[in-house]
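Novice: This is upload_24.txt (compact mmCIF, C-alpha atoms).
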```txt
# COMPACT_ATOMS: atom_id res chain seq x y z
CA MET A 153 1.98 -2.38 28.85
CA THR A 154 -0.80 -4.80 29.65
CA ARG A 155 -3.94 -5.39 27.65
CA ALA A 156 -6.03 -3.79 30.40
CA GLN A 157 -4.08 -0.52 30.16
CA PHE A 158 -5.41 -0.11 26.63
CA ASP A 159 -9.02 -0.83 27.65
CA ILE A 160 -8.83 -3.78 25.27
CA ARG A 161 -11.23 -5.89 27.28
CA GLU A 162 -13.81 -3.12 27.42
CA ARG A 163 -12.98 -1.83 23.92
CA VAL A 164 -13.70 1.74 25.00
CA PRO A 165 -11.72 4.60 23.38
CA SER A 166 -10.53 7.48 25.53
CA PRO A 167 -12.63 10.65 25.35
CA GLU A 168 -9.38 12.65 25.14
CA ARG A 169 -7.90 13.16 21.70
CA VAL A 170 -4.44 13.91 20.32
CA ALA A 171 -3.31 15.34 16.99
CA VAL A 172 -2.43 12.83 14.26
CA ARG A 173 1.31 13.06 13.65
CA VAL A 174 2.10 9.79 11.86
CA VAL A 175 0.02 8.10 9.17
CA ASP A 176 1.42 4.70 8.17
CA SER A 177 0.27 3.95 4.63
CA ASP A 178 1.41 0.33 4.47
CA VAL A 179 0.65 -2.24 7.18
CA HIS A 180 0.04 -5.85 6.16
CA PRO A 181 -2.64 -7.86 7.95
CA VAL A 182 -2.71 -11.62 7.36
CA PRO A 183 -5.69 -14.00 7.71
CA ARG A 184 -5.33 -16.76 10.25
CA PRO A 185 -5.00 -20.23 8.67
CA GLY A 186 -8.19 -21.34 6.97
CA ARG A 187 -10.03 -18.06 7.52
CA LEU A 188 -10.02 -16.89 3.90
CA ALA A 189 -11.09 -20.30 2.66
CA GLU A 190 -14.21 -19.99 4.83
CA LEU A 191 -15.18 -16.80 2.99
CA PHE A 192 -14.18 -17.77 -0.56
CA PRO A 193 -17.32 -18.17 -2.71
CA GLU A 194 -17.98 -21.35 -4.62
CA PRO A 195 -17.17 -22.68 -7.12
CA TYR A 196 -13.85 -20.90 -6.74
CA ARG A 197 -13.25 -22.13 -3.20
CA SER A 198 -13.04 -25.75 -4.33
CA LYS A 199 -11.31 -25.03 -7.61
CA TYR A 200 -8.79 -22.57 -6.23
CA PHE A 201 -7.99 -23.65 -2.68
CA LEU A 202 -8.08 -27.36 -3.40
CA SER A 203 -6.15 -27.28 -6.66
CA HIS A 204 -2.43 -27.05 -7.35
CA HIS A 205 -0.83 -24.29 -9.34
CA ILE A 206 1.35 -25.00 -12.32
CA GLY A 207 4.63 -23.14 -12.47
CA ASP A 208 7.32 -22.01 -10.07
CA THR A 209 6.99 -19.37 -7.39
CA ILE A 210 9.51 -16.75 -6.35
CA VAL A 211 9.47 -16.89 -2.56
CA TYR A 212 9.52 -13.72 -0.48
CA ASP A 213 12.67 -14.23 1.56
CA ALA A 214 14.99 -12.09 3.65
CA PRO A 215 18.77 -12.03 4.24
CA ASP A 216 19.70 -14.15 7.28
CA TYR A 217 16.03 -14.46 8.28
CA ALA A 218 14.88 -17.34 6.11
CA HIS A 219 13.43 -19.05 9.15
CA ALA A 220 11.21 -16.02 9.76
CA TYR A 221 9.57 -16.00 6.30
CA ALA A 222 10.75 -12.41 5.76
CA MET A 223 8.91 -11.18 8.85
CA ARG A 224 10.08 -9.41 11.98
CA VAL A 225 11.03 -12.20 14.34
CA ASP A 226 9.40 -10.37 17.26
CA ALA A 227 6.09 -10.16 15.38
CA PHE A 228 5.35 -13.89 15.64
CA LEU A 229 2.63 -14.61 18.19
CA PRO A 230 3.53 -16.46 21.41
CA ASP A 231 1.61 -19.49 20.13
CA GLY A 232 3.53 -19.42 16.83
CA GLY A 233 0.86 -17.53 14.94
CA PHE A 234 2.01 -15.66 11.85
CA PRO A 235 2.99 -11.96 12.02
CA GLY A 236 0.14 -9.68 11.07
CA SER A 237 -2.55 -12.23 11.94
CA ASP A 238 -3.48 -10.73 15.32
CA PRO A 239 -4.87 -7.18 15.44
CA ASP A 240 -3.91 -6.74 19.11
CA MET A 241 -0.27 -7.69 18.51
CA ALA A 242 -0.10 -5.37 15.51
CA PHE A 243 -1.72 -2.62 17.58
CA ARG A 244 0.86 -2.93 20.35
CA GLN A 245 3.85 -3.02 17.99
CA CYS A 246 2.81 -0.70 15.18
CA ILE A 247 0.68 1.86 17.03
CA ILE A 248 1.77 1.88 20.68
CA GLY A 249 5.41 0.85 20.25
CA ALA A 250 6.32 2.50 16.93
CA GLY A 251 4.13 5.56 17.27
CA SER A 252 1.90 5.49 14.19
CA ASP A 253 -1.39 7.25 14.85
CA ILE A 254 -3.39 5.75 11.99
CA ALA A 255 -2.37 2.78 9.83
CA ILE A 256 -3.67 1.85 6.39
CA LEU A 257 -4.14 -1.93 6.15
CA GLU A 258 -3.04 -3.45 2.86
CA PRO A 259 -3.85 -7.16 2.75
CA GLY A 260 -2.27 -9.46 0.22
CA LEU A 261 -4.53 -10.64 -2.58
CA ARG A 262 -4.38 -14.11 -4.05
CA MET A 263 -3.87 -13.74 -7.79
CA ALA A 264 -4.90 -16.25 -10.40
CA ARG A 265 -4.70 -16.56 -14.16
CA LEU A 266 -8.49 -16.19 -14.42
CA PRO A 267 -9.78 -12.71 -13.48
CA GLU A 268 -12.97 -14.09 -11.95
CA ILE A 269 -10.94 -16.10 -9.43
CA THR A 270 -8.95 -13.03 -8.40
CA SER A 271 -12.27 -11.20 -8.00
CA ALA A 272 -13.53 -14.00 -5.75
CA ALA A 273 -10.37 -13.66 -3.67
CA ALA A 274 -10.93 -9.91 -3.40
CA ALA A 275 -14.49 -10.43 -2.18
CA ALA A 276 -13.36 -12.87 0.51
CA THR A 277 -10.51 -10.57 1.56
CA ASN A 278 -12.86 -7.60 2.00
CA ILE A 279 -15.25 -9.56 4.22
CA TRP A 280 -12.35 -10.85 6.34
CA LEU A 281 -10.81 -7.40 6.77
CA ALA A 282 -14.13 -5.84 7.75
CA GLU A 283 -15.04 -8.60 10.20
CA ASP A 284 -11.63 -9.33 11.76
CA TRP A 285 -9.89 -5.93 11.78
CA LEU A 286 -12.33 -3.06 11.21
CA ASP A 287 -15.14 -4.23 13.49
CA ASP A 288 -15.94 -2.51 16.80
CA ASP A 289 -14.06 -5.14 18.77
CA ASN A 290 -10.74 -4.92 16.90
CA ASN A 291 -10.84 -1.27 15.85
CA TRP A 292 -12.13 0.10 19.14
CA HIS A 293 -9.19 2.53 19.18
CA GLN A 294 -10.10 3.89 15.71
CA ARG A 295 -6.53 3.53 14.43
CA TRP A 296 -7.05 1.00 11.60
CA ARG A 297 -8.19 1.98 8.11
CA GLY A 298 -8.86 -0.66 5.50
CA SER A 299 -8.41 -1.11 1.75
CA ILE A 300 -11.11 -2.34 -0.62
CA SER A 301 -9.40 -5.12 -2.55
CA ALA A 302 -10.42 -5.08 -6.20
CA ALA A 303 -9.36 -7.11 -9.23
CA ALA A 304 -8.70 -4.43 -11.85
CA GLU A 305 -8.40 -7.11 -14.54
CA ASP A 306 -12.11 -7.83 -13.90
CA PRO A 307 -13.52 -4.28 -14.05
CA ALA A 308 -17.12 -5.39 -13.54
CA GLY A 309 -16.21 -7.43 -10.47
CA ALA A 310 -14.03 -4.61 -9.17
CA GLY A 311 -16.90 -2.18 -9.57
CA ARG A 312 -19.19 -4.41 -7.54
CA GLU A 313 -16.68 -4.64 -4.69
CA ILE A 314 -16.09 -0.90 -4.67
CA GLU A 315 -19.82 -0.18 -4.60
CA LYS A 316 -20.34 -2.72 -1.82
CA TRP A 317 -17.68 -1.33 0.52
CA ALA A 318 -17.30 2.35 -0.39
CA GLY A 319 -19.68 3.43 2.36
CA HIS A 320 -17.82 1.58 5.11
CA PRO A 321 -16.60 4.15 7.69
CA TYR A 322 -13.12 2.61 7.93
CA MET A 323 -12.42 1.72 4.29
CA ALA A 324 -10.01 4.44 3.15
CA GLN A 325 -8.86 3.37 -0.31
CA ILE A 326 -9.18 0.92 -3.19
CA LEU A 327 -6.35 -1.60 -3.52
CA ILE A 328 -5.34 -3.09 -6.87
CA ARG A 329 -2.28 -4.88 -8.23
CA ALA A 330 0.26 -3.60 -10.73
CA GLU A 331 0.70 -6.84 -12.66
CA PRO A 332 -2.39 -7.28 -14.87
CA ARG A 333 -1.98 -6.54 -18.56
CA PRO A 334 -2.57 -4.30 -20.47
CA SER A 335 -1.22 -1.22 -18.71
CA TRP A 336 -3.53 1.09 -16.79
CA GLY A 337 -4.02 3.61 -19.58
CA ASP A 338 -6.20 1.11 -21.43
CA PRO A 339 -9.88 2.13 -21.37
CA MET A 340 -10.81 -1.31 -20.01
CA TYR A 341 -9.89 -0.01 -16.54
CA ASP A 342 -12.02 3.13 -16.79
CA PRO A 343 -14.86 1.60 -14.69
CA VAL A 344 -12.39 1.20 -11.81
CA TRP A 345 -11.20 4.80 -12.05
CA ALA A 346 -14.79 6.02 -12.41
CA ALA A 347 -15.87 4.19 -9.24
CA ALA A 348 -12.88 5.59 -7.34
CA VAL A 349 -13.72 9.14 -8.39
CA LYS A 350 -17.42 8.64 -7.67
CA HIS A 351 -16.67 7.66 -4.06
CA ASN A 352 -13.69 10.01 -3.64
CA LEU A 353 -11.31 7.16 -2.80
CA PRO A 354 -7.64 6.95 -3.78
CA VAL A 355 -6.51 3.87 -5.70
CA ALA A 356 -3.44 2.23 -4.20
CA CYS A 357 -1.28 -0.29 -5.97
CA HIS A 358 0.81 -2.88 -4.20
CA LEU A 359 2.89 -5.47 -6.00
CA SER A 360 1.82 -9.05 -5.53
CA ARG A 361 3.60 -12.29 -6.24
CA GLY A 362 2.62 -15.84 -7.02
CA ASN A 363 3.13 -18.32 -9.80
CA PHE A 364 4.83 -17.08 -12.94
CA GLU A 365 1.55 -16.78 -14.82
CA THR A 366 0.46 -13.89 -12.58
CA MET A 367 3.78 -12.14 -12.05
CA PRO A 368 4.99 -9.15 -14.04
CA MET A 369 7.53 -10.02 -16.70
CA PRO A 370 10.40 -7.54 -17.14
CA PRO A 371 11.39 -6.84 -20.77
CA VAL A 372 14.21 -9.40 -20.68
CA GLY A 373 12.25 -12.16 -18.95
CA TYR A 374 11.63 -13.42 -15.42
CA PRO A 375 14.28 -12.77 -12.77
CA SER A 376 16.24 -15.62 -11.24
CA TYR A 377 16.13 -14.55 -7.61
CA ASN A 378 14.03 -12.58 -5.19
CA HIS A 379 16.57 -9.75 -5.02
CA ASP A 380 16.27 -9.34 -8.81
CA PHE A 381 12.52 -9.31 -8.48
CA MET A 382 12.53 -6.63 -5.76
CA VAL A 383 14.42 -4.26 -8.05
CA THR A 384 11.85 -4.79 -10.83
CA TYR A 385 9.12 -3.27 -8.61
CA SER A 386 10.20 0.17 -9.74
CA LEU A 387 10.40 -0.81 -13.40
CA LEU A 388 6.79 -1.96 -13.33
CA ALA A 389 5.64 1.23 -11.63
CA MET A 390 7.49 3.36 -14.18
CA ASN A 391 5.51 1.79 -17.01
CA GLN A 392 2.21 2.29 -15.19
CA VAL A 393 3.00 5.96 -14.50
CA MET A 394 3.82 6.56 -18.17
CA SER A 395 0.64 4.80 -19.23
CA LEU A 396 -1.54 6.80 -16.83
CA VAL A 397 -0.05 10.08 -18.05
CA PHE A 398 0.44 9.55 -21.78
CA ASP A 399 -2.81 7.62 -22.31
CA GLY A 400 -4.76 10.47 -20.77
CA VAL A 401 -6.24 8.78 -17.70
CA PHE A 402 -5.90 11.94 -15.60
CA ASP A 403 -7.56 14.02 -18.31
CA ARG A 404 -10.48 11.58 -18.40
CA PHE A 405 -10.63 11.48 -14.59
CA PRO A 406 -9.29 14.79 -13.22
CA ALA A 407 -10.09 13.85 -9.62
CA LEU A 408 -8.35 10.45 -9.70
CA ARG A 409 -5.60 9.88 -7.13
CA ILE A 410 -3.10 7.02 -7.29
CA VAL A 411 -0.80 5.71 -4.53
CA LEU A 412 2.15 3.50 -5.50
CA VAL A 413 3.09 1.39 -2.49
CA GLU A 414 6.51 -0.25 -2.06
CA HIS A 415 7.74 0.60 -5.54
CA ALA A 416 10.42 2.99 -4.20
CA PHE A 417 10.28 6.60 -5.35
CA SER A 418 13.62 8.20 -6.23
CA TRP A 419 13.24 7.00 -9.83
CA ILE A 420 10.30 9.35 -10.39
CA LEU A 421 12.59 12.39 -10.64
CA PRO A 422 14.55 11.31 -13.77
CA LEU A 423 11.36 9.81 -15.20
CA MET A 424 9.58 13.16 -14.89
CA TRP A 425 12.55 14.87 -16.56
CA ARG A 426 12.47 12.39 -19.42
CA MET A 427 8.70 12.54 -19.90
CA ASP A 428 8.74 16.34 -19.89
CA ALA A 429 11.50 16.39 -22.49
CA ILE A 430 9.58 14.03 -24.77
CA TYR A 431 6.43 16.08 -24.23
CA GLU A 432 8.17 19.29 -25.29
CA ALA A 433 9.56 17.62 -28.40
CA ARG A 434 6.34 15.88 -29.44
CA LYS A 435 3.62 18.06 -27.92
CA SER A 436 1.77 18.45 -31.20
CA ALA A 437 1.35 14.68 -31.48
CA MET A 438 -0.01 14.23 -27.96
CA ASP A 439 -3.50 14.57 -26.59
CA ILE A 440 -2.53 15.34 -22.98
CA LYS A 441 -3.02 18.91 -21.84
CA ARG A 442 -0.11 19.53 -19.44
CA LYS A 443 3.49 18.59 -18.74
CA PRO A 444 3.75 14.99 -17.47
CA SER A 445 5.48 16.12 -14.27
CA GLU A 446 2.44 18.25 -13.41
CA TYR A 447 0.16 15.22 -13.61
CA VAL A 448 2.53 13.22 -11.39
CA LYS A 449 2.73 15.86 -8.68
CA GLU A 450 -1.03 16.40 -8.64
CA HIS A 451 -2.32 12.84 -8.96
CA ILE A 452 0.29 10.33 -7.76
CA LYS A 453 1.72 9.61 -4.32
CA PHE A 454 4.58 7.27 -3.41
CA THR A 455 5.38 5.56 -0.12
CA THR A 456 8.70 6.00 1.67
CA GLN A 457 9.39 2.28 2.11
CA PRO A 458 11.65 1.05 0.62
CA LEU A 459 13.83 4.08 1.22
CA ASP A 460 16.67 4.48 -1.24
CA TYR A 461 19.63 5.00 1.04
CA PRO A 462 22.85 6.21 -0.62
CA GLU A 463 26.09 6.20 1.37
CA ASP A 464 26.25 9.96 1.07
CA LYS A 465 23.06 11.02 2.89
CA THR A 466 23.22 14.50 1.38
CA GLU A 467 22.42 12.90 -1.99
CA LEU A 468 19.09 11.67 -0.62
CA SER A 469 18.30 15.12 0.76
CA ARG A 470 19.03 16.73 -2.61
CA ALA A 471 16.85 14.21 -4.43
CA LEU A 472 13.98 14.81 -2.00
CA GLU A 473 14.22 18.54 -2.60
CA TRP A 474 14.43 18.22 -6.40
CA MET A 475 11.38 15.97 -6.65
CA GLU A 476 9.39 18.13 -4.21
CA ALA A 477 8.90 15.13 -1.96
CA ASP A 478 6.66 17.05 0.40
CA LYS A 479 4.02 16.94 -2.36
CA ILE A 480 4.24 13.28 -3.33
CA LEU A 481 5.54 11.14 -0.42
CA LEU A 482 3.58 9.22 2.23
CA PHE A 483 5.25 7.58 5.21
CA SER A 484 5.04 3.79 5.26
CA SER A 485 6.56 1.20 7.58
CA ASP A 486 5.85 -2.11 5.77
CA TYR A 487 4.97 -3.74 9.10
CA PRO A 488 5.42 -6.65 9.93
CA HIS A 489 8.03 -7.41 7.26
CA TRP A 490 11.75 -7.54 7.98
CA THR A 491 12.11 -4.34 5.95
CA PHE A 492 10.04 -2.46 8.58
CA ASP A 493 10.94 1.24 8.82
CA GLU A 494 10.23 2.69 12.24
CA PRO A 495 8.76 6.22 12.11
CA ARG A 496 11.42 7.59 14.49
CA TRP A 497 14.14 6.31 12.14
CA LEU A 498 12.55 7.49 8.93
CA VAL A 499 11.73 11.01 10.05
CA LYS A 500 15.41 11.72 10.70
CA HIS A 501 16.16 11.26 6.99
CA LEU A 502 13.67 13.87 5.85
CA PRO A 503 14.48 17.57 5.51
CA GLU A 504 12.92 19.25 8.53
CA HIS A 505 10.51 21.37 6.52
CA MET A 506 9.10 18.21 4.85
CA ARG A 507 8.56 16.10 7.94
CA GLU A 508 5.00 17.08 8.76
CA ALA A 509 3.85 16.73 5.15
CA VAL A 510 5.41 13.30 4.60
CA MET A 511 4.73 11.80 8.03
CA CYS A 512 1.10 12.87 8.41
CA ARG A 513 -0.30 15.77 6.39
CA ASN A 514 -0.21 14.04 2.99
CA GLY A 515 -1.73 10.93 4.51
CA ILE A 516 -4.56 12.85 6.18
CA GLU A 517 -5.42 14.56 2.90
CA THR A 518 -5.01 11.49 0.68
CA TYR A 519 -7.14 9.17 2.81
CA HIS A 520 -9.55 11.80 4.24
CA LEU A 521 -8.49 10.99 7.79
CA PRO A 522 -9.42 12.83 10.99
CA GLU A 523 -7.03 15.41 12.39
CA THR A 524 -7.18 13.83 15.87
CA VAL A 525 -7.50 10.34 17.38
CA PRO A 526 -8.29 9.02 20.88
CA VAL A 527 -5.38 9.16 23.33
CA LEU A 528 -3.65 5.84 24.00
CA PRO A 529 -1.67 5.45 27.27
CA GLY A 530 1.99 4.77 26.65
CA GLN A 531 1.99 5.43 22.93
CA VAL A 532 5.30 6.64 21.49
CA ARG A 533 5.11 10.14 20.01
CA VAL A 534 7.46 10.50 17.07
CA PHE A 535 7.78 14.26 16.65
```
Take the structure I supplied and represent it as structure tokens, if you would.

Specialist:
Amino acid sequence: MTRAQFDIRERVPSPERVAVRVVDSDVHPVPRPGRLAELFPEPYRSKYFLSHHIGDTIVYDAPDYAHAYAMRVDAFLPDGGFPGSDPDMAFRQCIIGAGSDIAILEPGLRMARLPEITSAAAAATNIWLAEDWLDDDNNWHQRWRGSISAAAEDPAGAGREIEKWAGHPYMAQILIRAEPRPSWGDPMYDPVWAAAVKHNLPVACHLSRGNFETMPMPPVGYPSYNHDFMVTYSLLAMNQVMSLVFDGVFDRFPALRIVLVEHAFSWILPLMWRMDAIYEARKSAMDIKRKPSEYVKEHIKFTTQPLDYPEDKTELSRALEWMEADKILLFSSDYPHWTFDEPRWLVKHLPEHMREAVMCRNGIETYHLPETVPVLPGQVRVF
């Protein structure tokens, strides 16, 4: 397909529309070199971008693809530009080629030891995403939806960012990180949850990484390698789920919706079993009003990537049925990372009666998306 076939030069969407069948809840845009520094407010621009961090960093790598910085090798731009830095390239690969109808953009957020610096990074990230991805020129096809980056560890700053961007027509969620301490049940985060409920926006959480000061520490200490670290994603999410439920966040904010992105999901089944058992044994000592599993199924969604993939595929099907995955799962591709899950591949691993819910229906309801989008010539249709 050529650029002209997509009306890219005219940036005119087709008047014809097609039903949304795939909502991708995790696509990673990347600023071009130097772009974020232009938008970073002072004094943090000078202090943060021009200073060196103390401590080691766990690098995001990939087996046999170290030269590709853990990205799809075909996602690099012809001029060597980094994957995810060009909206047109992402559009051709993620939307036209892979068949996603609407994609939720989840930018990375620079994290720092000081909350005010992370807030400054969030402010710069939101301006960049709105100007370089969600503007009329780059979102002419109406397929991109953005995330309002917010530093939960700075509730006041997060509130300002949410208020500033909540009315944007293409901002579909609030994006925070899982790492800040204390856990989310602490009342210090209540202003973030209150703002989310006020504007009827889900709060998504995506793990970040950086120097050791800003990374989550597992109970036995920092991992040695990236593969250790990737497994700890789920451990961190488990603790946040327990905190949200047992500390009564969903009772304080009954309309709050949480999306856990890239933390896997099969672990939620035994965790719900365990929480329900503890609840039954200690109900009189708890302030929550319902079984923990009921809160999870009503308030929390999980993304499909990374997909736990046992050798016996029937085990995955049984787990999906037991956890009622059609209520809690959202399709995600993780584009443009090497772990990219193509929609046509993923849908085959879902029980047939769950496919519509996981691939599109849950996404439409969670992010308040339209039922139809403009027709795009040559776009793959997944199912």

Novice: Could you check how far CA of Pro181 (chain A) sits from CA of Glu450 (chain A), in Å to one decimal?

Specialist: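 Going from CA of Pro181 (chain A) over to CA of Glu450 (chain A) covers 29.4 Å.
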
Novice: Work out how far apart CA of Val499 (chain A) and CA of Asn391 (chain A) are and give it in Å to one decimal.

Specialist: 29.3 Å

Novice: Up to 12 Å from (3.9, 0.0, 2.3) in the file's coordinates: name the residues, counting all atoms listed in the file, as a compact mmCIF listing (two decimals) with C-alpha atoms, keeping the file's coordinate frame.

Specialist:
```
# COMPACT_ATOMS: atom_id res chain seq x y z
CA VAL A 175 0.02 8.10 9.17
CA ASP A 176 1.42 4.70 8.17
CA SER A 177 0.27 3.95 4.63
CA ASP A 178 1.41 0.33 4.47
CA VAL A 179 0.65 -2.24 7.18
CA HIS A 180 0.04 -5.85 6.16
CA PRO A 181 -2.64 -7.86 7.95
CA ALA A 255 -2.37 2.78 9.83
CA ILE A 256 -3.67 1.85 6.39
CA LEU A 257 -4.14 -1.93 6.15
CA GLU A 258 -3.04 -3.45 2.86
CA PRO A 259 -3.85 -7.16 2.75
CA GLY A 260 -2.27 -9.46 0.22
CA LEU A 327 -6.35 -1.60 -3.52
CA ALA A 356 -3.44 2.23 -4.20
CA CYS A 357 -1.28 -0.29 -5.97
CA HIS A 358 0.81 -2.88 -4.20
CA LEU A 359 2.89 -5.47 -6.00
CA VAL A 411 -0.80 5.71 -4.53
CA LEU A 412 2.15 3.50 -5.50
CA VAL A 413 3.09 1.39 -2.49
CA GLU A 414 6.51 -0.25 -2.06
CA HIS A 415 7.74 0.60 -5.54
CA ALA A 416 10.42 2.99 -4.20
CA PHE A 417 10.28 6.60 -5.35
CA LYS A 453 1.72 9.61 -4.32
CA PHE A 454 4.58 7.27 -3.41
CA THR A 455 5.38 5.56 -0.12
CA THR A 456 8.70 6.00 1.67
CA GLN A 457 9.39 2.28 2.11
CA PRO A 458 11.65 1.05 0.62
CA LEU A 459 13.83 4.08 1.22
CA LEU A 481 5.54 11.14 -0.42
CA LEU A 482 3.58 9.22 2.23
CA PHE A 483 5.25 7.58 5.21
CA SER A 484 5.04 3.79 5.26
CA SER A 485 6.56 1.20 7.58
CA ASP A 486 5.85 -2.11 5.77
CA TYR A 487 4.97 -3.74 9.10
CA PRO A 488 5.42 -6.65 9.93
CA HIS A 489 8.03 -7.41 7.26
CA THR A 491 12.11 -4.34 5.95
CA PHE A 492 10.04 -2.46 8.58
CA ASP A 493 10.94 1.24 8.82
```

Novice: Please measure the separation of CA of Leu502 (chain A) and CA of Leu472 (chain A), giving the value in Å to one decimal.

Specialist: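 Computing the Euclidean distance for CA of Leu502 (chain A) and CA of Leu472 (chain A) yields 7.9 Å.
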
Novice: Take the point (-8.2, -7.1, -13.2) in the file's coordinates, draw a sphere of radius 10 Å around it, and report as a list in words every protein, DNA or RNA residue with an atom inside or on it, counting only C-alpha atoms.

Specialist: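 The distance filter leaves exactly Met263, Leu266, Pro267, Glu268, Thr270, Ser271, Ala302, Ala303, Ala304, Glu305, Asp306, Pro307, Ala308, Gly309, Ala310, Ile328, Arg329, Ala330, Glu331, Pro332, Arg333, Pro334, Met340, Tyr341 and Val344 of chain A.
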
Novice: Measuring atom to atom with all atoms listed in the file, identify which of A:Leu396, A:Leu498, A:Val355, A:Ala282 is nearest to Tyr322 (chain A).

Specialist: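 So, comparing all the options, the nearest one is A:Ala282.
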
Novice: Measuring atom to atom with only C-alpha atoms, identify which of A:Leu423, A:Ile440, A:Ala477, A:Leu281 is nearest to Met506 (chain A).

Specialist: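 Going through A:Leu423, A:Ile440, A:Ala477, A:Leu281 one by one, the smallest distance to Met506 (chain A) is for A:Ala477.
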
Novice: Pick the closest to Glu168 (chain A) from A:Val532, A:Val527, A:Pro343, A:Glu467: which is it, counting all atoms listed in the file?

Specialist: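 Closest residue, counting all atoms listed in the file: A:Val527.
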
Novice: Pick the closest to Met390 (chain A) from A:Ser335, A:Ser198, A:Asn514, A:Ser376: which is it, counting only C-alpha atoms?

Specialist: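 With only C-alpha atoms as the atom set, the closest residue is A:Ser335.
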
Novice: Could you check the closest approach to Arg169 (chain A) for each of A:Ser469, A:His293, A:Asp478, A:Lys316 and tell me which residue wins, using only C-alpha atoms?

Specialist: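 Among A:Ser469, A:His293, A:Asp478, A:Lys316, it is A:His293 that comes nearest to Arg169 (chain A).
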
Novice: Need to verify the contact set: Arg173 (chain A), 8 Å, all atoms listed in the file, exclusion of same-chain residues closer than 6 positions in sequence. Can you return it as a list of chain:residue names?

Specialist: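 Those residues are A:Ser252, A:Asp253, A:Glu508, A:Met511, A:Cys512, A:Arg513, A:Arg533, A:Val534, A:Phe535.
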
Novice: Find the residue from A:Trp317, A:Gln245, A:Ala250, A:Arg409 that sits nearest to Ala274 (chain A); use only C-alpha atoms when measuring.

Specialist: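 Ranking A:Trp317, A:Gln245, A:Ala250, A:Arg409 by distance to Ala274 (chain A), first place goes to A:Trp317.
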
Novice: Neighbours of Ser418 (chain A) within 9 Å (all atoms listed in the file; same-chain residues fewer than 4 positions away dropped), as a VMD selection string?

Specialist: chain A and resid 422 459 to 460 468 471 to 472 475

Novice: Region 274-277 of chain A, all listed atoms, 5 Å padding on each side: what axis-aligned box centre and edge lengths in Å to one decimal come out, as AutoDock Vina command-line options?

Specialist:
```
--center_x -12.5 --center_y -11.4 --center_z -0.9 --size_x 14.0 --size_y 13.0 --size_z 15.0
```
